[in-house]
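Peer 1: My file is upload27.txt. It has compact mmCIF, C-alpha atoms:
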```
# COMPACT_ATOMS: atom_id res chain seq x y z
CA MET A 1 -39.00 -2.28 -36.66
CA GLU A 2 -40.08 -4.34 -33.68
CA PHE A 3 -38.94 -7.87 -33.01
CA LYS A 4 -42.02 -9.93 -32.26
CA THR A 5 -42.33 -13.69 -32.02
CA LYS A 6 -44.08 -16.07 -29.69
CA ASP A 7 -40.83 -17.96 -29.13
CA TYR A 8 -38.92 -15.09 -27.56
CA ILE A 9 -40.19 -13.47 -24.38
CA PRO A 10 -38.92 -9.94 -23.66
CA TRP A 11 -38.24 -9.15 -20.01
CA ASP A 12 -41.04 -6.60 -19.68
CA GLU A 13 -43.61 -9.14 -20.84
CA TYR A 14 -42.21 -11.83 -18.59
CA LEU A 15 -42.16 -9.52 -15.57
CA ALA A 16 -45.76 -8.51 -16.13
CA GLN A 17 -46.70 -12.18 -15.81
CA HIS A 18 -44.47 -12.74 -12.78
CA PRO A 19 -44.97 -9.90 -10.28
CA GLU A 20 -43.55 -12.11 -7.51
CA ILE A 21 -39.99 -11.17 -8.62
CA LYS A 22 -40.55 -7.55 -9.59
CA ASP A 23 -38.44 -6.29 -6.66
CA VAL A 24 -35.53 -8.71 -7.27
CA GLU A 25 -32.82 -6.94 -9.24
CA GLY A 26 -30.84 -10.13 -9.96
CA ALA A 27 -33.85 -11.82 -11.56
CA LYS A 28 -33.23 -9.77 -14.70
CA LYS A 29 -30.45 -12.24 -15.40
CA LEU A 30 -33.19 -14.36 -16.93
CA GLN A 31 -33.21 -11.99 -19.90
CA GLU A 32 -29.53 -12.73 -20.57
CA TYR A 33 -30.36 -16.43 -20.83
CA GLU A 34 -33.31 -15.68 -23.09
CA ASP A 35 -30.92 -13.72 -25.32
CA ALA A 36 -28.26 -16.45 -25.17
CA VAL A 37 -30.73 -19.11 -26.25
CA PHE A 38 -32.03 -16.81 -28.99
CA SER A 39 -28.49 -16.35 -30.37
CA PHE A 40 -27.90 -20.08 -30.13
CA MET A 41 -31.06 -20.79 -32.13
CA MET A 42 -30.10 -18.22 -34.75
CA ARG A 43 -26.67 -19.78 -35.07
CA LEU A 44 -28.17 -23.18 -35.84
CA PHE A 45 -29.49 -21.68 -39.08
CA ARG A 46 -26.27 -20.16 -40.40
CA MET B 1 3.41 -7.14 -17.26
CA GLU B 2 3.69 -3.37 -17.57
CA ASP B 3 5.20 -3.84 -21.03
CA MET B 4 2.24 -5.99 -22.01
CA ASN B 5 -0.18 -3.35 -20.77
CA LEU B 6 1.61 -0.72 -22.85
CA LEU B 7 1.56 -2.99 -25.89
CA ARG B 8 -2.15 -3.72 -25.39
CA GLU B 9 -2.91 0.00 -25.16
CA GLU B 10 -0.80 0.75 -28.25
CA ARG B 11 -2.66 -1.89 -30.23
CA ALA B 12 -6.05 -0.77 -28.93
CA GLN B 13 -5.21 2.76 -30.04
CA LEU B 14 -4.37 1.54 -33.55
CA PHE B 15 -7.88 0.13 -33.88
CA ARG B 16 -9.60 3.08 -32.17
CA ASP B 17 -7.88 5.36 -34.69
CA ILE B 18 -8.71 3.18 -37.68
CA TYR B 19 -12.36 2.74 -36.75
CA SER B 20 -12.84 6.45 -36.11
CA GLY B 21 -11.23 7.49 -39.39
CA LYS B 22 -7.90 8.75 -38.00
CA LYS B 23 -4.55 7.74 -39.43
CA PRO B 24 -3.03 5.21 -36.98
CA LYS B 25 0.62 5.06 -35.95
CA ARG B 26 1.13 2.08 -38.25
CA VAL B 27 -0.85 -0.44 -40.30
CA PRO B 28 -2.49 -2.82 -37.82
CA VAL B 29 -1.94 -6.52 -38.47
CA GLN B 30 -4.84 -8.88 -37.94
CA GLN B 31 -4.36 -12.60 -38.45
CA SER B 32 -7.27 -15.00 -38.62
CA PRO B 33 -6.19 -18.43 -39.81
CA ALA B 34 -8.81 -21.16 -39.75
CA PHE B 35 -8.63 -23.28 -36.60
CA GLU B 36 -8.06 -26.29 -38.85
CA ALA B 37 -4.80 -24.66 -40.01
CA THR B 38 -3.75 -23.70 -36.49
CA ILE B 39 -4.32 -27.24 -35.20
CA GLN B 40 -2.32 -28.83 -38.01
CA TYR B 41 0.48 -26.29 -37.53
CA ALA B 42 0.71 -27.29 -33.84
CA ILE B 43 0.51 -31.02 -34.63
CA ASP B 44 3.34 -30.70 -37.15
CA ALA B 45 5.45 -28.86 -34.56
CA GLY B 46 4.90 -31.58 -31.96
CA VAL B 47 2.86 -29.36 -29.64
CA THR B 48 0.04 -31.91 -29.29
CA PRO B 49 0.46 -35.38 -27.77
CA PRO B 50 2.03 -37.84 -30.26
CA GLY B 51 -0.42 -39.50 -32.63
CA LYS B 52 -3.27 -37.02 -32.14
CA THR B 53 -5.04 -36.19 -35.39
CA ARG B 54 -6.77 -32.92 -36.26
CA ARG B 55 -10.11 -34.73 -36.16
CA GLU B 56 -9.46 -35.84 -32.58
CA VAL B 57 -8.09 -32.51 -31.42
CA PHE B 58 -11.32 -30.77 -32.46
CA TRP B 59 -13.07 -32.84 -29.79
CA GLU B 60 -10.57 -32.14 -26.99
CA PRO B 61 -10.66 -28.53 -25.78
CA ASP B 62 -8.12 -29.31 -23.06
CA LEU B 63 -5.51 -29.44 -25.85
CA TRP B 64 -6.46 -26.11 -27.37
CA PHE B 65 -4.56 -23.74 -25.09
CA ASP B 66 -1.16 -25.14 -26.09
CA ILE B 67 -2.18 -25.03 -29.76
CA VAL B 68 -3.35 -21.44 -29.66
CA ASP B 69 -0.45 -20.40 -27.45
CA TYR B 70 1.98 -21.89 -29.98
CA ILE B 71 0.69 -19.97 -32.98
CA ASN B 72 0.56 -16.72 -31.04
CA SER B 73 4.18 -17.26 -29.97
CA GLN B 74 5.24 -17.77 -33.60
CA ILE B 75 3.23 -15.36 -35.74
CA TYR B 76 2.98 -11.61 -35.18
CA SER B 77 -0.50 -10.13 -34.95
CA ASP B 78 -2.03 -7.07 -33.29
CA THR B 79 -5.12 -9.08 -32.35
CA ALA B 80 -5.27 -12.48 -30.70
CA ILE B 81 -5.10 -15.48 -33.00
CA GLY B 82 -7.81 -17.78 -31.74
CA VAL B 83 -10.12 -20.51 -32.92
CA GLY B 84 -11.63 -18.43 -35.74
CA ALA B 85 -15.26 -18.98 -36.69
CA ILE B 86 -15.17 -22.39 -35.06
CA ARG B 87 -17.84 -25.01 -35.70
CA LEU B 88 -17.79 -27.27 -32.65
CA PRO B 89 -18.16 -30.93 -33.65
CA ILE B 90 -19.62 -31.79 -30.25
CA LEU B 91 -22.51 -29.40 -30.96
CA TYR B 92 -23.30 -30.56 -34.48
CA GLN B 93 -22.80 -34.24 -33.69
CA SER B 94 -25.09 -34.13 -30.64
CA LEU B 95 -27.84 -32.55 -32.74
CA GLY B 96 -27.39 -34.92 -35.68
CA ALA B 97 -26.69 -32.02 -38.05
CA ARG B 98 -27.24 -32.44 -41.79
CA CYS B 99 -25.94 -28.92 -42.49
CA ILE B 100 -22.49 -29.01 -40.84
CA ILE B 101 -20.49 -32.24 -40.99
CA MET B 102 -16.89 -33.05 -40.12
CA SER B 103 -14.84 -34.66 -42.89
CA GLU B 104 -12.47 -37.56 -42.26
CA SER B 105 -9.54 -35.14 -42.35
CA GLY B 106 -11.05 -33.04 -39.57
CA VAL B 107 -12.55 -30.16 -41.56
CA MET B 108 -16.04 -28.90 -40.72
CA GLN B 109 -18.00 -28.73 -43.98
CA HIS B 110 -21.34 -27.29 -45.10
CA PRO B 111 -23.11 -29.50 -47.66
CA GLU B 112 -25.92 -28.07 -49.78
CA VAL B 113 -29.10 -28.51 -47.73
CA HIS B 114 -32.52 -26.92 -47.43
CA CYS B 115 -35.30 -27.17 -44.86
CA LEU B 116 -37.95 -24.68 -46.05
CA GLU B 117 -40.27 -25.57 -48.95
CA PRO B 118 -41.58 -22.80 -51.26
CA GLU B 119 -45.21 -23.38 -50.23
CA GLU B 120 -44.21 -22.67 -46.60
CA TYR B 121 -43.12 -19.06 -47.20
CA ASP B 122 -46.40 -17.59 -45.85
CA ALA B 123 -46.19 -19.53 -42.59
CA TYR B 124 -42.52 -18.63 -42.26
CA ILE B 125 -43.13 -14.94 -42.90
CA ALA B 126 -45.88 -14.83 -40.24
CA ASP B 127 -43.37 -15.68 -37.46
CA PRO B 128 -39.93 -16.70 -38.77
CA MET B 129 -38.38 -17.45 -35.39
CA THR B 130 -41.19 -19.71 -34.27
CA TYR B 131 -41.36 -21.49 -37.63
CA GLN B 132 -37.62 -22.14 -37.52
CA ILE B 133 -37.77 -23.61 -34.04
CA GLU B 134 -41.02 -25.55 -34.29
CA VAL B 135 -40.87 -26.83 -37.87
CA LEU B 136 -37.48 -26.36 -39.53
CA LEU B 137 -35.05 -27.28 -36.76
CA PRO B 138 -35.86 -31.04 -36.78
CA ARG B 139 -35.40 -31.08 -40.56
CA LEU B 140 -31.82 -29.80 -40.28
CA TYR B 141 -30.96 -31.61 -37.06
CA THR B 142 -32.09 -35.23 -37.09
CA GLU B 143 -31.71 -35.82 -33.33
CA LEU B 144 -34.42 -33.21 -32.78
CA ASP B 145 -36.87 -35.10 -34.99
CA THR B 146 -38.31 -36.93 -32.02
CA THR B 147 -40.80 -36.56 -29.15
CA PRO B 148 -41.05 -33.13 -27.44
CA GLY B 149 -39.50 -34.48 -24.25
CA ARG B 150 -36.53 -36.10 -25.98
CA ARG B 151 -36.12 -33.00 -28.16
CA ALA B 152 -35.83 -30.84 -25.02
CA MET B 153 -33.20 -33.22 -23.61
CA VAL B 154 -31.17 -33.25 -26.83
CA MET B 155 -31.30 -29.46 -27.01
CA ALA B 156 -30.28 -29.11 -23.36
CA LYS B 157 -27.33 -31.46 -23.97
CA ALA B 158 -26.24 -29.52 -27.05
CA MET B 159 -26.60 -26.13 -25.35
CA LYS B 160 -24.64 -27.33 -22.30
CA ALA B 161 -21.86 -28.79 -24.47
CA ASN B 162 -21.71 -25.62 -26.53
CA ALA B 163 -21.67 -23.37 -23.44
CA ASP B 164 -18.90 -25.44 -21.78
CA HIS B 165 -16.72 -25.31 -24.89
CA MET B 166 -17.36 -21.61 -25.45
CA ALA B 167 -16.52 -20.86 -21.81
CA LYS B 168 -13.28 -22.77 -22.27
CA ILE B 169 -12.48 -20.76 -25.38
CA GLY B 170 -13.34 -17.50 -23.59
CA GLY B 171 -11.03 -18.29 -20.66
CA MET B 172 -8.28 -19.40 -23.00
CA MET B 173 -8.45 -16.24 -25.08
CA ARG B 174 -8.37 -14.04 -21.97
CA GLN B 175 -5.14 -15.79 -20.93
CA ILE B 176 -3.66 -15.48 -24.41
CA SER B 177 -4.55 -11.79 -24.62
CA GLN B 178 -2.97 -11.15 -21.24
CA LYS B 179 0.18 -13.07 -22.12
CA TYR B 180 0.76 -11.38 -25.50
CA GLY B 181 -0.72 -7.94 -24.87
CA TYR B 182 -3.70 -8.11 -27.22
CA PRO B 183 -6.55 -5.62 -26.90
CA GLY B 184 -10.04 -6.78 -26.02
CA MET B 185 -12.33 -7.03 -29.02
CA ALA B 186 -16.09 -7.12 -28.48
CA SER B 187 -17.99 -8.66 -31.31
CA GLY B 188 -21.33 -10.05 -32.33
CA ARG B 189 -22.57 -11.91 -35.38
CA SER B 190 -25.25 -11.27 -37.91
CA THR B 191 -26.16 -12.21 -41.47
CA ALA B 192 -27.61 -10.51 -44.54
CA PRO B 193 -31.30 -11.58 -44.69
CA PHE B 194 -31.03 -12.91 -48.25
CA ASP B 195 -27.93 -14.94 -47.30
CA TYR B 196 -29.66 -16.27 -44.18
CA ILE B 197 -32.49 -17.65 -46.28
CA ALA B 198 -30.11 -18.92 -48.96
CA ASP B 199 -27.62 -20.68 -46.66
CA PHE B 200 -29.63 -23.27 -44.73
CA LEU B 201 -33.32 -22.52 -45.36
CA ARG B 202 -33.64 -22.68 -49.15
CA GLY B 203 -30.14 -23.64 -50.27
CA PHE B 204 -28.00 -22.19 -53.02
CA SER B 205 -29.82 -23.67 -56.02
CA ARG B 206 -33.38 -23.22 -54.71
CA ILE B 207 -32.96 -19.55 -53.83
CA ASN B 208 -32.10 -18.92 -57.47
CA THR B 209 -35.36 -20.58 -58.49
CA ASP B 210 -37.29 -18.55 -55.91
CA MET B 211 -36.04 -15.27 -57.38
CA ARG B 212 -37.90 -16.22 -60.56
CA ARG B 213 -40.89 -18.22 -59.32
CA CYS B 214 -41.87 -16.51 -56.06
CA PRO B 215 -39.95 -13.23 -55.90
CA ASP B 216 -42.50 -11.42 -53.74
CA LYS B 217 -42.54 -14.15 -51.09
CA LEU B 218 -38.76 -14.18 -50.99
CA LEU B 219 -38.70 -10.40 -50.54
CA GLU B 220 -41.30 -10.60 -47.77
CA ALA B 221 -39.24 -13.27 -46.02
CA CYS B 222 -36.10 -11.12 -46.22
CA ASP B 223 -38.00 -8.21 -44.67
CA ALA B 224 -39.56 -10.42 -41.98
CA ILE B 225 -36.21 -11.47 -40.55
CA ILE B 226 -34.59 -8.01 -40.41
CA PRO B 227 -35.30 -7.60 -36.66
CA MET B 228 -33.87 -11.06 -35.95
CA MET B 229 -30.68 -10.20 -37.79
CA ILE B 230 -30.23 -7.02 -35.73
CA ARG B 231 -31.20 -8.68 -32.46
CA GLU B 232 -28.67 -11.48 -32.92
CA SER B 233 -25.74 -9.10 -32.64
CA LEU B 234 -27.07 -6.30 -30.44
CA GLY B 235 -29.17 -8.35 -28.01
CA SER B 236 -32.09 -6.88 -26.11
CA ASP B 237 -30.28 -3.82 -24.75
CA PRO B 238 -27.85 -2.34 -27.31
CA LYS B 239 -27.17 0.70 -25.12
CA LYS B 240 -25.38 -1.57 -22.65
CA LEU B 241 -22.94 -2.95 -25.21
CA PRO B 242 -19.33 -1.70 -24.99
CA PRO B 243 -18.55 1.11 -27.46
CA ASN B 244 -16.04 -1.10 -29.31
CA HIS B 245 -18.69 -3.74 -30.07
CA ARG B 246 -18.57 -4.64 -33.75
CA THR B 247 -20.76 -7.03 -35.71
CA PHE B 248 -19.06 -9.53 -37.99
CA ILE B 249 -21.00 -10.49 -41.13
CA PRO B 250 -19.63 -12.83 -43.78
CA LEU B 251 -21.35 -12.00 -47.08
CA HIS B 252 -22.25 -14.92 -49.32
CA MET B 253 -24.59 -14.56 -52.28
CA GLY B 254 -23.67 -11.23 -53.87
CA SER B 255 -21.01 -12.65 -56.14
CA PHE B 256 -23.42 -15.25 -57.53
CA ILE B 257 -26.24 -12.89 -58.53
CA SER B 258 -26.61 -10.16 -61.12
CA THR B 259 -26.65 -6.46 -60.31
CA LYS B 260 -30.38 -6.41 -60.99
CA GLN B 261 -31.01 -9.32 -58.60
CA PHE B 262 -28.69 -7.76 -56.03
CA GLU B 263 -30.54 -4.44 -56.09
CA ARG B 264 -33.93 -6.08 -55.85
CA PHE B 265 -33.36 -9.02 -53.49
CA TRP B 266 -30.13 -8.70 -51.52
CA TYR B 267 -29.56 -5.04 -50.84
CA PRO B 268 -32.80 -3.45 -49.49
CA SER B 269 -33.22 -5.71 -46.44
CA MET B 270 -29.48 -5.72 -45.78
CA LYS B 271 -29.38 -1.91 -45.80
CA LYS B 272 -32.04 -1.91 -43.06
CA VAL B 273 -30.04 -4.46 -41.05
CA MET B 274 -26.89 -2.33 -41.43
CA ASP B 275 -28.75 0.81 -40.36
CA GLY B 276 -30.04 -1.06 -37.29
CA LEU B 277 -26.61 -2.40 -36.36
CA VAL B 278 -24.97 1.03 -36.37
CA ALA B 279 -27.91 2.90 -34.81
CA TYR B 280 -26.23 2.99 -31.38
CA GLY B 281 -22.77 3.88 -32.64
CA HIS B 282 -21.33 0.38 -33.02
CA GLY B 283 -19.33 -0.78 -36.04
CA VAL B 284 -19.72 -3.57 -38.57
CA ASP B 285 -17.04 -5.81 -40.11
CA LEU B 286 -18.06 -7.27 -43.46
CA PHE B 287 -16.25 -10.19 -45.03
CA VAL B 288 -16.87 -9.63 -48.74
CA GLU B 289 -16.40 -13.18 -49.99
CA ASP B 290 -15.38 -13.65 -53.63
CA ASP B 291 -15.81 -10.69 -56.04
CA TRP B 292 -18.43 -7.99 -55.33
CA MET B 293 -16.94 -5.18 -57.41
CA ARG B 294 -20.10 -4.76 -59.53
CA HIS B 295 -22.09 -4.09 -56.34
CA MET B 296 -19.64 -1.74 -54.63
CA GLU B 297 -21.46 1.53 -55.31
CA ALA B 298 -24.44 0.24 -53.35
CA MET B 299 -22.22 -1.32 -50.68
CA ASN B 300 -20.53 2.05 -50.21
CA GLU B 301 -23.86 3.55 -49.12
CA PHE B 302 -23.67 1.79 -45.74
CA THR B 303 -23.26 4.38 -43.01
CA GLY B 304 -21.25 4.25 -39.78
CA SER B 305 -17.87 2.68 -39.07
CA ILE B 306 -17.74 -0.17 -41.58
CA ARG B 307 -14.79 -2.41 -42.31
CA TYR B 308 -14.76 -4.40 -45.54
CA GLN B 309 -12.50 -7.44 -45.89
CA PHE B 310 -12.09 -8.11 -49.60
CA GLU B 311 -11.28 -11.47 -51.06
CA LYS B 312 -11.12 -10.43 -54.73
CA GLY B 313 -11.52 -7.28 -56.77
CA ASP B 314 -9.82 -4.04 -57.65
CA PRO B 315 -8.18 -2.26 -54.70
CA VAL B 316 -7.55 0.88 -56.79
CA TYR B 317 -11.27 1.22 -57.56
CA VAL B 318 -12.35 0.54 -53.97
CA LYS B 319 -9.87 3.01 -52.47
CA LYS B 320 -11.01 5.71 -54.88
CA LEU B 321 -14.66 4.95 -54.18
CA PHE B 322 -14.17 5.04 -50.41
CA THR B 323 -12.03 8.18 -50.56
CA GLU B 324 -14.40 10.14 -52.79
CA GLN B 325 -17.88 8.83 -52.05
CA THR B 326 -18.12 7.50 -48.50
CA PRO B 327 -21.29 8.97 -46.92
CA PRO B 328 -20.55 12.08 -44.79
CA GLY B 329 -19.73 11.21 -41.19
CA SER B 330 -19.05 7.55 -42.01
CA VAL B 331 -15.76 5.67 -42.00
CA HIS B 332 -15.11 2.90 -44.52
CA ILE B 333 -12.03 0.78 -43.86
CA ILE B 334 -10.37 -1.69 -46.18
CA THR B 335 -8.80 -4.97 -45.15
CA GLY B 336 -7.82 -8.05 -47.13
CA PHE B 337 -7.01 -7.87 -50.84
CA TYR B 338 -3.68 -9.59 -50.05
CA GLN B 339 -3.85 -12.95 -51.81
CA SER B 340 -3.06 -15.75 -49.36
CA ASP B 341 -1.73 -17.89 -52.23
CA MET B 342 1.26 -15.52 -52.32
CA LEU B 343 2.61 -17.29 -49.24
CA ARG B 344 2.52 -20.71 -50.90
CA TYR B 345 4.31 -20.00 -54.12
CA ASN B 346 6.71 -17.11 -53.51
CA THR B 347 9.82 -16.11 -51.58
CA LYS B 348 9.77 -13.93 -48.47
CA GLU B 349 11.02 -10.98 -50.50
CA GLU B 350 8.27 -11.43 -53.10
CA CYS B 351 5.64 -11.62 -50.34
CA ILE B 352 6.94 -8.38 -48.83
CA ASP B 353 7.07 -6.69 -52.26
CA ALA B 354 3.45 -7.62 -52.85
CA ALA B 355 2.53 -6.00 -49.52
CA LYS B 356 4.45 -2.83 -50.45
CA LYS B 357 2.55 -2.57 -53.74
CA LEU B 358 -0.80 -3.13 -52.06
CA PHE B 359 -0.07 -0.66 -49.24
CA ASP B 360 0.84 2.04 -51.77
CA ILE B 361 -2.71 1.72 -53.09
CA VAL B 362 -4.85 1.11 -50.02
CA ALA B 363 -2.88 2.24 -46.98
CA ALA B 364 -1.10 5.44 -48.00
CA ASP B 365 -3.24 7.66 -45.76
CA GLY B 366 -4.58 5.13 -43.27
CA GLY B 367 -7.88 3.33 -43.58
CA TYR B 368 -6.34 -0.12 -43.97
CA VAL B 369 -5.97 -3.10 -41.63
CA PHE B 370 -3.69 -5.83 -42.90
CA ASN B 371 -5.30 -9.22 -43.25
CA PHE B 372 -5.43 -11.78 -46.01
CA ASP B 373 -8.15 -12.18 -48.60
CA LYS B 374 -9.54 -14.99 -46.46
CA GLY B 375 -8.60 -17.06 -43.43
CA LEU B 376 -5.46 -19.08 -44.11
CA PHE B 377 -6.45 -22.71 -44.42
CA SER B 378 -2.96 -24.17 -44.24
CA LEU B 379 0.25 -23.07 -42.59
CA ALA B 380 2.35 -25.83 -44.17
CA GLU B 381 5.77 -24.59 -45.27
CA PRO B 382 6.63 -22.26 -46.87
CA VAL B 383 3.41 -20.56 -45.70
CA ALA B 384 4.36 -20.26 -42.01
CA SER B 385 7.87 -18.91 -42.69
CA ASN B 386 6.58 -16.41 -45.25
CA LEU B 387 3.76 -15.39 -42.92
CA LYS B 388 6.18 -14.80 -40.07
CA ALA B 389 8.52 -12.70 -42.21
CA LEU B 390 5.69 -10.72 -43.80
CA SER B 391 3.91 -9.94 -40.51
CA GLU B 392 7.09 -8.78 -38.83
CA TRP B 393 8.01 -6.66 -41.85
CA ILE B 394 4.60 -4.96 -41.74
CA ARG B 395 4.90 -4.32 -37.99
CA ASP B 396 8.33 -2.77 -38.36
CA ASN B 397 7.97 -0.92 -41.67
CA ALA B 398 4.35 -0.05 -42.41
CA VAL B 399 4.63 2.98 -40.14
CA TYR B 400 3.11 6.38 -40.87
```
Can I see the file as structure tokens?

Peer 2:
Amino acid sequence: MEFKTKDYIPWDEYLAQHPEIKDVEGAKKLQEYEDAVFSFMMRLFR
Amino acid sequence: MEDMNLLREERAQLFRDIYSGKKPKRVPVQQSPAFEATIQYAIDAGVTPPGKTRREVFWEPDLWFDIVDYINSQIYSDTAIGVGAIRLPILYQSLGARCIIMSESGVMQHPEVHCLEPEEYDAYIADPMTYQIEVLLPRLYTELDTTPGRRAMVMAKAMKANADHMAKIGGMMRQISQKYGYPGMASGRSTAPFDYIADFLRGFSRINTDMRRCPDKLLEACDAIIPMMIRESLGSDPKKLPPNHRTFIPLHMGSFISTKQFERFWYPSMKKVMDGLVAYGHGVDLFVEDDWMRHMEAMNEFTGSIRYQFEKGDPVYVKKLFTEQTPPGSVHIITGFYQSDMLRYNTKEECIDAAKKLFDIVAADGGYVFNFDKGLFSLAEPVASNLKALSEWIRDNAVY
């Protein structure tokens, strides 16, 4: 079952739109913040 | 320090054994009093600056280390005693929360609220996450009911405050674990889909109406949020989680609905969430609030390493069920069932006798972690003295 929403951007999708950082390993840290904000938003509803 | 490392490893082994279905060296002791109780306990002992109230302390994380250090120095536990499932007032106040409010005595409370109307189910089902953020959030959090720019600023403030406080808690708990030799526990959070919709979206009374008036929409909504419930605990890359990662899920609505309603509305989506949470080998810790005995046959069908903390019910029945009918390859662990009220109204000896009787039923061949039926909400005497005596007795005597 796939998680799909317009308010959460998976790293692969983001990277496809931003090829300028495709060779920067550390840029993947952005995904951790996306996940952290996602968890924060979920928490506001429980 | 070496002693602490040995103690940490011994405790970690207790939990590794329990969660993998082996009989541990002794019954592990896990204490999880509410932070409200821990704060008051420290105030009463003079650990906090004179005159500080519980309400004030909740806002001052610089005071928390001494408070948490004090309880860990007094009460035996095999896992760190921390801030529990803390609701940070700075977060809820900055957002203008209607759903979580601090009382005058310094207790974070959840009034009955709702933010989703029945005619909105279709829009919600189409993209639950987006609908929550775009439409429902400002209904629950009044400070977000403003212009987009101000909303972004309020959210940034809340997120920053939350992150700062959580970082403080994380650092504090690392220090406490090091000092007292507690093992590291990796955990995430999730919710049963039906409970998630009942808690803040539709509210307790309205969800009962929905089961009769729009059952199909409610079922669709439960299904629509299954991936969100899994994602919340496992994140975007579950394979990178530590092997001891476990998801904590407090269960809410089961005790308020019939078996028929449970089987139709609560269980099917939750089973899919549970299957998703254990798909990479991680465990789940369920807090079975109130009495779910009439649903236990279904609950026993969850696969993987599952720990159930029981508030009420029949320990004889549950032990028999888990012993005889747990799915092959799965491990079902019992915790709880010890009534916290015992500590308020009985002597130390009576508290220990109650533990002996319970252990004869649930812990004879392993498969049990000691904890109370729920988080202790007060440590006022005689609770603290009884708790101390009981915990130390379990540590020294509940040995296999």

Peer 1: Please identify every residue of chain A that has at least one atom no more than 12 Å from any atom of chain B, counting only C-alpha atoms, and report them as a PyMOL selection string.

Peer 2: chain A and resi 1-12+28+30-46

Peer 1: CA of Cys351 in chain B to CA of Asp291 in chain B: how many Å, to one decimal?

Peer 2: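 It comes out at 22.2 Å.
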
Peer 1: Need to verify the contact set: Val318 in chain B, 12 Å, only C-alpha atoms, exclusion of same-chain residues closer than 4 positions in sequence. Can you return it as a ChimeraX atom specification?

Peer 2: /B:291-297,299-300,308-310,312-314,322-326,332-337,361-363,367-368

Peer 1: For a test of reading the model, state the distance in Å between CA of Gly170 in chain B and CA of Gln30 in chain B, rounded to one decimal.

Peer 2: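 These two atoms are separated by 18.8 Å.
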
Peer 1: Any idea what the distance is between CA of Gln339 in chain B and CA of Gln40 in chain B?

Peer 2: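 CA of Gln339 in chain B sits 21.1 Å away from CA of Gln40 in chain B.
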
Peer 1: Can you pull out every residue within 12 Å of Asn346 in chain B, counting all atoms listed in the file, but drop anything in the same chain fewer than 2 positions away, and send it as number ranges by chain?

Peer 2: B: 339-344, 348-354, 381-383, 385-387, 390

Peer 1: Do a neighbour search on Asp62 in chain B at 10 Å with all atoms listed in the file, toss out local chain neighbours closer than 2 positions, and write the hits as a PyMOL selection string.

Peer 2: chain B and resi 57+59-60+64-67+165+168-169+172

Peer 1: Which residue, B:Glu36, B:Glu9, B:Asp290, B:Asp396, has the smallest gap to Ser177 in chain B when you use only C-alpha atoms?

Peer 2: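 The shortest atom-to-atom distance to Ser177 in chain B comes from B:Glu9.
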